[in-house]
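Enquirer: Once you've had a glance at the structure underneath, I'll fire off some questions.
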Amino acid sequence: MNGYNTHFNKKMDNIMLAFFYVIMIFGCEKNQNKITVSVDYINTKAVSIGFESIKSVGGFNVFVEGNKDIPVLGDFTSKGDKHTFFSIIPFAANQNYELRYDQEFVTQFTIEKFNVEDAPELLAIYPSKDTVPENLLKMYFIFSRPMQEVESALNFITITNTTTDTEESIFLKLEPELWNREHTQLTLWLDPGRIKTDLIPNKEKGLPIVRVNTYEIKILESWKDYNGNNLGKEYTKTVYALPGDYHKPILADWEISSPKSNTAHPLYIYFNESLDAILAKEVIYILNSDKEVVAGTYKLTNKETVVEFYPKSNWEKGNYILEVESKLEDLAGNNLNHLFDVDLKEGHNQDDTFTITTLNFAVN
Amino acid sequence: MKKIIFVFALCIVAGLGISAINPDKNSLTENFIVGTPDIASVNALSFGPDGILFIGDSKNATIYAVDTKDVESVESPEKINIGDFDTKIAASLGTTADNIKITDMAVNPISKTVYISVSVLDGTPILLKLNGEALEHVSLSNVSYSKIALKDAVTAETKDRRGRSQRVWAISDMQYHNGKVMVSGLSNKEFSSTFRSIPFPFTDSQEYASLEVYHAAHGRYETYAPIKTFGVVAISGKDYLMASYTCTPLVLFPMDELKGGKHIKGRTVAEFGYGNSPLDIVSYQKDGATYFLMSNTNRPVMRINYDDIANSKDDITERVEEVEGVPYFSLPLVNVQQMDVLFDNNLIYVQRTSSGELVLRTRGI
């Protein structure tokens, strides 16, 4: 097992959970001593091969078919004449490999592709509404499964301005890309340099999206998940650009619909505008009069204009506090403390301070 | 990755000094443990002293320090010229080039060994090193290591009140310098970036700063412009962070002020225009002079004289239409994806050639 990476070790830990063993036998007519190769699969991943030979294991190597120069990295172990080769990552599905001894061909084996998974889905694109400010800063793409980590996401997204019938490039290419830990949620920034008024990128190329234009964003079916499965279909989102939003979210304009005491009815918080779909679920807290966090779950609805809070226990009569972290952003990246697009003169710094803003409400 | 060789030289000299005082020459690894670090991704590599490799893991929002024990000194390694480099890496992993991605490269300044981090389709991180022109796996099982989590810069206590998972800071660059690991990161949620300075050996402490830059091509101050890559430059005995942003200004920040969450204004010393993104910064010495090399997405590798930066009195606070600030020289090197100084005046780099081939080569600089 030496040489396995930690990712793979985890899978080995799960060996008892879902283990099946498939033997693929291949005859080799080229050698007088017939050698057969068995492939060990764990969770559909081909993690090792086994074979028997009286020859010393030191002379064996595994190669991708057609490549005689670069052996596959891994470790051989032996028990008598039984040899096992663990590659440092699982063998690739549908790939042909060759076992060689002192460079001489011994036998070939192929890794089976198990189609046990449904195609991954694009579950949501935020903002979910189809009208957005022309200074829209970012979009989120939420997938049902971890997506591949090799090719740039922008290779699988096309944007067409259907008003002018032109292909557009609106997103900033970033390396590393901005994914969540599970690699199911992608954040793409519309090019910030083009959004800020009068900056040279803005003057040269203009806003990434422009008011009274309609944009068709296509997510290509060829985008693969972490197991190499394509998206089940092509996805399309159409957005219509409105004039820009150059106002900070103001809590005083929010409305709170208080539930009745002794019920577990949800609390509704109305923003009066669509806010950042991810941040809005993470930076809002309900505190009781003792400044203790009220346990419950948050749900964003109505095109990200409403947060519904479902308490774990019935509401008690009394005063409550709604706390909101200043980093909450609207669709244009304006947060509670500062505008995204502001002309800073020397001596006029952005308010970069982290703050918490509060609203009070009562449950009767 | 971005290693400043003359800095390492200073570190080595300093290390020798410390060794003379402290008989325990492994004090840097005193708090290391032997085990298998649960590394989920390798986004950045950087060597520190004594063969210690720092690994930036965005998924775990953690920096790992791994004792490679690769400390046999080599003065002048063989030159390297490997064609179809991605195909060869893929073959060594039993797959094809479309299923792998090189995420970073770093040269061990002691052994001159080239380390390469690779991601495969499912994100499994692989660490490889070159032995001659052959690839070898660097196992991260049962290694001597320590680690530190990149905590949120603000409201650590608030963060957990709703039991949220730790946020991801995509590590855009990382470098060891003079006892500290410096890390720049981008948030995958709010539009923000952070710069951290983490003392090594790791303790519980890490310093934060928010940086403000006058972006000459943009004609604006920008607080939230994300740092893409950075180096360290000493001017009149004082260290400065030399940061390069996504639209390629070079900005100096005094290192001793990058702490306590302070908001620091940088001095822009060069502006290379819009439409380009920096990828990597390395430095080297030649004929007693120090130079920086910066690779870019849409421009050749640029060479900048350290003295031009150190002596620059420029403070570009007026908008410029084109290149401004310290002079630079364009090397005949385009589409360089990774680079580092192999030894002395020899650069090693990964380049996509005009024919589409990915090559790993060395060349004099």
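Every chain in the structure tokens has a letter given in the order shown (A, B, ...), and although residue numbers restart at 1 in each chain, ligands are simply numbered from 1 in the order shown.
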Need to verify the contact set: A:Ile256, 12 Å, only C-alpha atoms, exclusion of same-chain residues closer than 2 positions in sequence. Can you return it as a list in words?

Expert: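 Within the cut-off, the hits are Leu251, Ala252, Asp253, Trp254, Ser258, Pro259, Pro266, Leu267, Tyr268, Ile269, Tyr270, Phe271, Asn272, Ile286, Val306, Val307, Glu308, Phe309, Tyr320, Ile321, Leu322, Leu359, Asn360, Phe361, Ala362 and Val363 of chain A.
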
Enquirer: Can those selected residues be exported to a file as a compact mmCIF listing (two decimals), in the first residue's frame so that it contains C-alpha atoms?

Expert:
```
# COMPACT_ATOMS: atom_id res chain seq x y z
CA LEU A 251 -31.43 46.79 6.56
CA ALA A 252 -33.85 49.51 7.55
CA ASP A 253 -35.70 48.81 4.34
CA TRP A 254 -36.11 45.14 5.11
CA SER A 258 -42.98 37.82 12.86
CA PRO A 259 -44.57 34.50 13.74
CA PRO A 266 -41.26 30.44 9.99
CA LEU A 267 -39.98 33.97 10.30
CA TYR A 268 -39.97 35.77 6.98
CA ILE A 269 -37.35 38.41 6.16
CA TYR A 270 -38.05 40.40 3.00
CA PHE A 271 -35.02 42.09 1.43
CA ASN A 272 -36.94 44.00 -1.24
CA ILE A 286 -31.60 35.31 14.90
CA VAL A 306 -36.78 36.37 1.04
CA VAL A 307 -35.18 34.37 3.83
CA GLU A 308 -37.42 31.99 5.69
CA PHE A 309 -36.20 30.96 9.13
CA TYR A 320 -35.46 39.19 19.23
CA ILE A 321 -32.53 40.55 17.28
CA LEU A 322 -31.75 40.01 13.63
CA LEU A 359 -32.77 44.84 13.42
CA ASN A 360 -35.08 44.26 16.37
CA PHE A 361 -38.38 42.46 16.23
CA ALA A 362 -40.81 40.96 18.68
CA VAL A 363 -42.75 37.74 18.85
```

Enquirer: Can you pull out the residues contacting B:Asn131? Cut-off 12 Å, using only C-alpha atoms, and skip same-chain residues under 4 positions away; I want them as a ChimeraX atom specification.

Expert: /B:77-80,111-116,135-138

Enquirer: Given the choices B:Gly83, B:His263, B:Tyr145, B:Ser46, which gets closest to chain A if the distance is worked out from only C-alpha atoms?

Expert: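 Among B:Gly83, B:His263, B:Tyr145, B:Ser46, it is B:His263 that comes nearest to chain A.
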
Enquirer: Taking only C-alpha atoms into account, what are the residues of chain B at most 6 Å from chain A, put as a list in words?

Expert: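 The answer, sorted by residue number, is Lys59, Ser92, Leu93, Gly94, Thr95, Ile100, Lys101, Leu121, Asp122, Gly123, Ser139, Asn188, His218, Gly219 and Tyr221 of chain B.
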
Enquirer: Write out as a PyMOL selection string which residues come within 7 Å of B:Asp70 when counting only C-alpha atoms, dropping same-chain ones fewer than 2 positions away.

Expert: chain B and resi 51+68+72+111

Enquirer: Output as a JSON list (two decimals) with N, CA and C atoms, in the first residue's frame all residues of stretch 105-233 of chain A that backbone DSSP marks as helix (DSSP H, G or I).

Expert:
```json
[["chain", "number", "residue", "atom", "x", "y", "z"],
["A", 153, "ALA", "N", -13.38, 25.65, -16.16],
["A", 153, "ALA", "CA", -14.84, 25.68, -16.25],
["A", 153, "ALA", "C", -15.30, 26.52, -17.44],
["A", 154, "LEU", "N", -14.53, 27.55, -17.76],
["A", 154, "LEU", "CA", -14.96, 28.45, -18.83],
["A", 154, "LEU", "C", -14.94, 27.76, -20.20],
["A", 155, "ASN", "N", -14.28, 26.61, -20.28],
["A", 155, "ASN", "CA", -14.31, 25.87, -21.54],
["A", 155, "ASN", "C", -15.68, 25.25, -21.80],
["A", 156, "PHE", "N", -16.53, 25.25, -20.79],
["A", 156, "PHE", "CA", -17.83, 24.59, -20.92],
["A", 156, "PHE", "C", -18.99, 25.57, -20.82],
["A", 192, "PRO", "N", -14.35, 42.08, -13.07],
["A", 192, "PRO", "CA", -14.51, 43.26, -12.21],
["A", 192, "PRO", "C", -13.91, 44.53, -12.83],
["A", 193, "GLY", "N", -12.82, 44.37, -13.59],
["A", 193, "GLY", "CA", -12.20, 45.54, -14.21],
["A", 193, "GLY", "C", -13.10, 46.20, -15.25],
["A", 194, "ARG", "N", -14.00, 45.43, -15.80],
["A", 194, "ARG", "CA", -14.91, 46.00, -16.79],
["A", 194, "ARG", "C", -16.15, 46.60, -16.13],
["A", 195, "ILE", "N", -16.36, 46.23, -14.87],
["A", 195, "ILE", "CA", -17.57, 46.73, -14.19],
["A", 195, "ILE", "C", -17.32, 48.10, -13.58],
["A", 200, "ILE", "N", -9.93, 51.56, -17.27],
["A", 200, "ILE", "CA", -9.57, 51.35, -18.68],
["A", 200, "ILE", "C", -10.25, 50.12, -19.28],
["A", 201, "PRO", "N", -10.30, 48.98, -18.57],
["A", 201, "PRO", "CA", -11.04, 47.84, -19.15],
["A", 201, "PRO", "C", -12.50, 48.19, -19.42],
["A", 202, "ASN", "N", -13.06, 48.98, -18.50],
["A", 202, "ASN", "CA", -14.45, 49.40, -18.67],
["A", 202, "ASN", "C", -14.59, 50.32, -19.88],
["A", 203, "LYS", "N", -13.61, 51.20, -20.05],
["A", 203, "LYS", "CA", -13.68, 52.13, -21.19],
["A", 203, "LYS", "C", -13.39, 51.42, -22.51],
["A", 204, "GLU", "N", -12.49, 50.44, -22.44],
["A", 204, "GLU", "CA", -12.12, 49.75, -23.68],
["A", 204, "GLU", "C", -13.16, 48.74, -24.12],
["A", 205, "LYS", "N", -13.65, 47.98, -23.17],
["A", 205, "LYS", "CA", -14.53, 46.86, -23.54],
["A", 205, "LYS", "C", -15.95, 47.03, -23.03]]
```

Enquirer: Show me, as a PyMOL selection string, the residues that have an atom within 10 Å of stretch 286-288 of chain B when counting only C-alpha atoms, minus same-chain residues fewer than 5 positions from it.

Expert: chain B and resi 344-345+365

Enquirer: Output C-alpha atoms for every residue in that selection, as an mmCIF file, in the first residue's frame.

Expert:
```cif
data_model
loop_
_atom_site.group_PDB
_atom_site.id
_atom_site.type_symbol
_atom_site.label_atom_id
_atom_site.label_comp_id
_atom_site.auth_asym_id
_atom_site.auth_seq_id
_atom_site.Cartn_x
_atom_site.Cartn_y
_atom_site.Cartn_z
ATOM 1 C CA ASP B 344 22.315 30.010 -10.404
ATOM 2 C CA ASN B 345 21.220 31.593 -13.654
ATOM 3 C CA ILE B 365 18.845 33.688 -17.828
#
```

Enquirer: For B:Val34, please output as a ChimeraX atom specification all residues within 12 Å (counting only C-alpha atoms; exclusion window: fewer than 5 positions along the same chain).

Expert: /B:29,65-68,140-147

Enquirer: Would you write out those residues with N, CA and C atoms, as a compact mmCIF listing (two decimals), in the first residue's frame?

Expert:
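As written to disk, selection15.txt reads:
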```txt
# COMPACT_ATOMS: atom_id res chain seq x y z
N THR B 29 11.69 21.43 12.78
CA THR B 29 10.76 20.31 12.69
C THR B 29 10.42 19.73 14.05
N ALA B 65 3.43 21.78 6.13
CA ALA B 65 4.89 21.80 6.00
C ALA B 65 5.37 20.36 6.08
N VAL B 66 5.94 19.87 4.99
CA VAL B 66 6.35 18.47 4.92
C VAL B 66 7.87 18.40 4.86
N ASP B 67 8.43 17.59 5.74
CA ASP B 67 9.88 17.39 5.73
C ASP B 67 10.21 16.36 4.66
N THR B 68 10.71 16.82 3.51
CA THR B 68 11.00 15.89 2.41
C THR B 68 12.26 15.08 2.67
N LEU B 140 2.82 10.99 0.25
CA LEU B 140 2.48 11.83 1.40
C LEU B 140 1.90 10.99 2.53
N SER B 141 2.22 9.72 2.49
CA SER B 141 1.83 8.82 3.58
C SER B 141 3.02 8.66 4.52
N ASN B 142 2.71 8.66 5.79
CA ASN B 142 3.73 8.47 6.82
C ASN B 142 4.93 9.40 6.63
N VAL B 143 4.62 10.66 6.56
CA VAL B 143 5.67 11.67 6.43
C VAL B 143 5.73 12.50 7.71
N SER B 144 6.82 13.19 7.85
CA SER B 144 6.98 14.10 8.99
C SER B 144 6.43 15.46 8.56
N TYR B 145 5.43 15.98 9.30
CA TYR B 145 4.79 17.21 8.83
C TYR B 145 4.19 17.99 9.99
N SER B 146 3.86 19.24 9.70
CA SER B 146 3.00 20.03 10.59
C SER B 146 2.05 20.80 9.70
N LYS B 147 1.04 21.40 10.27
CA LYS B 147 0.06 22.10 9.45
C LYS B 147 -0.56 23.24 10.23
```

Enquirer: Please compute the atom CA of B:Asp84-atom CA of B:Asn108 distance, one decimal, in Å.

Expert: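 Taking atom CA of B:Asp84 as the start and atom CA of B:Asn108 as the end point, the length is 23.2 Å.
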
Enquirer: Just how far from atom CA of B:Ala91 is atom CA of B:Leu128, in Å to one decimal?

Expert: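 Separating atom CA of B:Leu128 from atom CA of B:Ala91 is a distance of 12.8 Å.
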
Enquirer: Could you pull the residues within 12 Å of B:Ile281, counting only C-alpha atoms, minus those fewer than 5 positions along the same chain, as a short mmCIF file (atom, residue, chain, number, x, y, z; two decimals) with C-alpha atoms, in the first residue's frame?

Expert:
```
data_model
loop_
_atom_site.label_atom_id
_atom_site.label_comp_id
_atom_site.auth_asym_id
_atom_site.auth_seq_id
_atom_site.Cartn_x
_atom_site.Cartn_y
_atom_site.Cartn_z
CA MET B 1 6.66 28.48 -7.66
CA LYS B 2 7.58 31.82 -6.56
CA LYS B 3 10.74 31.51 -4.66
CA ILE B 4 13.19 34.18 -4.15
CA ILE B 5 16.52 32.51 -4.30
CA ALA B 106 8.86 24.14 -7.14
CA ASP B 173 0.13 32.18 -4.12
CA MET B 174 2.31 31.08 -1.24
CA GLN B 175 5.91 31.70 -0.33
CA LYS B 228 -2.27 36.77 -8.20
CA THR B 229 1.37 36.29 -7.32
CA PHE B 230 4.01 37.95 -5.16
CA GLY B 231 7.64 38.09 -4.16
CA VAL B 232 9.70 39.76 -1.46
CA VAL B 233 12.19 42.53 -2.04
CA LEU B 241 5.94 42.52 -0.34
CA MET B 242 6.02 42.88 -4.11
CA ALA B 243 2.53 41.92 -5.19
CA SER B 244 1.28 41.50 -8.69
CA TYR B 245 -2.42 41.81 -9.33
CA THR B 248 -0.38 43.31 -13.62
CA LEU B 250 3.57 45.74 -9.33
CA TYR B 291 16.55 40.26 -11.17
CA PHE B 292 12.91 39.27 -11.06
CA LEU B 293 11.13 37.28 -13.71
CA MET B 294 7.38 37.45 -14.08
CA SER B 295 5.43 35.10 -16.31
CA ASN B 296 2.10 36.22 -17.73
CA VAL B 301 8.19 36.54 -19.43
CA MET B 302 9.36 39.93 -18.15
CA ARG B 303 12.73 40.58 -16.53
CA ILE B 304 12.93 43.41 -14.02
CA VAL B 336 5.04 29.87 -19.68
CA GLN B 337 2.68 28.19 -17.21
CA GLN B 338 5.08 27.37 -14.38
CA MET B 339 8.63 28.44 -13.66
CA ASP B 340 11.28 28.45 -10.99
CA VAL B 341 15.00 29.01 -10.69
CA LEU B 347 15.43 28.83 -15.20
CA TYR B 349 9.82 26.30 -16.92
#
```

Enquirer: Quick one: pick out all strand (DSSP E) residues within stretch 72-180 of chain B from a backbone DSSP run and write them as a ChimeraX atom specification.

Expert: /B:81-82,100-107,114-120,125-131,134-137,143-149,169-177,180

Enquirer: Any chance you can output those residues with N, CA and C atoms as a short mmCIF file (atom, residue, chain, number, x, y, z; two decimals), in the first residue's frame?

Expert:
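In the end it all went to out-v6.cif:
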```cif
data_model
loop_
_atom_site.label_atom_id
_atom_site.label_comp_id
_atom_site.auth_asym_id
_atom_site.auth_seq_id
_atom_site.Cartn_x
_atom_site.Cartn_y
_atom_site.Cartn_z
N ASN B 81 15.27 18.91 -20.74
CA ASN B 81 14.47 19.22 -21.92
C ASN B 81 13.55 18.04 -22.19
N ILE B 82 12.34 18.14 -21.66
CA ILE B 82 11.38 17.04 -21.78
C ILE B 82 10.21 17.51 -22.63
N ILE B 100 -5.26 15.11 -16.70
CA ILE B 100 -4.38 15.62 -15.65
C ILE B 100 -4.19 17.13 -15.81
N LYS B 101 -3.79 17.75 -14.72
CA LYS B 101 -3.50 19.18 -14.74
C LYS B 101 -2.33 19.46 -13.80
N ILE B 102 -1.33 20.17 -14.30
CA ILE B 102 -0.21 20.58 -13.44
C ILE B 102 -0.66 21.80 -12.64
N THR B 103 -0.63 21.69 -11.32
CA THR B 103 -1.11 22.80 -10.50
C THR B 103 0.02 23.70 -9.99
N ASP B 104 1.24 23.14 -9.84
CA ASP B 104 2.35 24.00 -9.44
C ASP B 104 3.66 23.24 -9.60
N MET B 105 4.73 23.99 -9.50
CA MET B 105 6.07 23.39 -9.61
C MET B 105 7.01 24.17 -8.69
N ALA B 106 7.89 23.47 -8.01
CA ALA B 106 8.86 24.14 -7.14
C ALA B 106 10.17 23.37 -7.16
N VAL B 107 11.27 24.09 -7.08
CA VAL B 107 12.59 23.46 -7.04
C VAL B 107 13.11 23.51 -5.61
N VAL B 114 13.24 18.95 -8.88
CA VAL B 114 12.02 19.61 -9.32
C VAL B 114 10.81 18.84 -8.81
N TYR B 115 9.95 19.51 -8.07
CA TYR B 115 8.71 18.92 -7.55
C TYR B 115 7.53 19.48 -8.35
N ILE B 116 6.61 18.61 -8.68
CA ILE B 116 5.46 19.00 -9.49
C ILE B 116 4.20 18.47 -8.85
N SER B 117 3.22 19.34 -8.67
CA SER B 117 1.92 18.88 -8.17
C SER B 117 0.96 18.74 -9.34
N VAL B 118 0.19 17.68 -9.28
CA VAL B 118 -0.73 17.35 -10.38
C VAL B 118 -2.09 17.03 -9.79
N SER B 119 -3.12 17.47 -10.49
CA SER B 119 -4.48 17.07 -10.12
C SER B 119 -5.02 16.18 -11.23
N VAL B 120 -5.77 15.16 -10.84
CA VAL B 120 -6.43 14.33 -11.85
C VAL B 120 -7.92 14.65 -11.83
N PRO B 125 -4.97 14.79 -5.46
CA PRO B 125 -3.69 15.49 -5.64
C PRO B 125 -2.52 14.51 -5.66
N ILE B 126 -1.63 14.69 -6.58
CA ILE B 126 -0.44 13.85 -6.70
C ILE B 126 0.79 14.74 -6.65
N LEU B 127 1.78 14.31 -5.88
CA LEU B 127 3.04 15.03 -5.85
C LEU B 127 4.10 14.17 -6.53
N LEU B 128 4.78 14.74 -7.52
CA LEU B 128 5.82 14.02 -8.25
C LEU B 128 7.12 14.79 -8.15
N LYS B 129 8.22 14.10 -8.42
CA LYS B 129 9.50 14.80 -8.53
C LYS B 129 10.28 14.18 -9.67
N LEU B 130 11.21 14.96 -10.19
CA LEU B 130 12.04 14.48 -11.28
C LEU B 130 13.31 13.86 -10.74
N ASN B 131 13.66 12.71 -11.30
CA ASN B 131 14.96 12.11 -11.03
C ASN B 131 15.62 11.97 -12.39
N ALA B 134 13.22 11.20 -15.30
CA ALA B 134 12.18 10.25 -14.91
C ALA B 134 11.33 10.84 -13.80
N LEU B 135 10.06 10.49 -13.82
CA LEU B 135 9.13 10.97 -12.79
C LEU B 135 9.05 9.97 -11.66
N GLU B 136 9.06 10.48 -10.43
CA GLU B 136 8.90 9.62 -9.26
C GLU B 136 7.77 10.16 -8.40
N HIS B 137 7.07 9.23 -7.77
CA HIS B 137 5.99 9.63 -6.88
C HIS B 137 6.55 10.03 -5.52
N VAL B 143 4.62 10.66 6.56
CA VAL B 143 5.67 11.67 6.43
C VAL B 143 5.73 12.50 7.71
N SER B 144 6.82 13.19 7.85
CA SER B 144 6.98 14.10 8.99
C SER B 144 6.43 15.46 8.56
N TYR B 145 5.43 15.98 9.30
CA TYR B 145 4.79 17.21 8.83
C TYR B 145 4.19 17.99 9.99
N SER B 146 3.86 19.24 9.70
CA SER B 146 3.00 20.03 10.59
C SER B 146 2.05 20.80 9.70
N LYS B 147 1.04 21.40 10.27
CA LYS B 147 0.06 22.10 9.45
C LYS B 147 -0.56 23.24 10.23
N ILE B 148 -1.17 24.18 9.49
CA ILE B 148 -1.91 25.26 10.13
C ILE B 148 -3.10 25.61 9.24
N ALA B 149 -4.25 25.75 9.89
CA ALA B 149 -5.47 26.09 9.15
C ALA B 149 -5.52 27.59 8.90
N TRP B 169 -10.68 29.41 1.05
CA TRP B 169 -9.86 30.50 0.53
C TRP B 169 -9.00 29.90 -0.56
N ALA B 170 -9.33 30.21 -1.81
CA ALA B 170 -8.54 29.70 -2.92
C ALA B 170 -7.15 30.33 -2.84
N ILE B 171 -6.15 29.51 -2.67
CA ILE B 171 -4.79 30.01 -2.47
C ILE B 171 -4.22 30.40 -3.83
N SER B 172 -4.00 31.70 -4.01
CA SER B 172 -3.48 32.16 -5.30
C SER B 172 -1.96 32.18 -5.33
N ASP B 173 -1.32 32.27 -4.16
CA ASP B 173 0.13 32.18 -4.12
C ASP B 173 0.58 31.93 -2.69
N MET B 174 1.76 31.40 -2.56
CA MET B 174 2.31 31.08 -1.24
C MET B 174 3.82 31.12 -1.34
N GLN B 175 4.45 31.63 -0.31
CA GLN B 175 5.91 31.70 -0.33
C GLN B 175 6.46 31.75 1.08
N TYR B 176 7.56 31.06 1.29
CA TYR B 176 8.25 31.14 2.57
C TYR B 176 9.29 32.24 2.50
N HIS B 177 9.33 33.06 3.52
CA HIS B 177 10.34 34.11 3.57
C HIS B 177 10.69 34.43 5.00
N LYS B 180 8.62 33.07 7.83
CA LYS B 180 7.17 33.19 7.71
C LYS B 180 6.68 32.62 6.37
#
```

Enquirer: Which residue, A:Glu121, A:Glu216, A:Glu273, A:Asp81, has the smallest gap to A:Glu167 when you use only C-alpha atoms?

Expert: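 Answer, going by the shortest atom-to-atom distance: A:Glu216.
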
Enquirer: Just give me the gap between atom CA of B:Asp38 and atom CA of A:Phe86 in Å, one decimal is fine.

Expert: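 About the pair atom CA of B:Asp38 and atom CA of A:Phe86: they are 19.9 Å apart.
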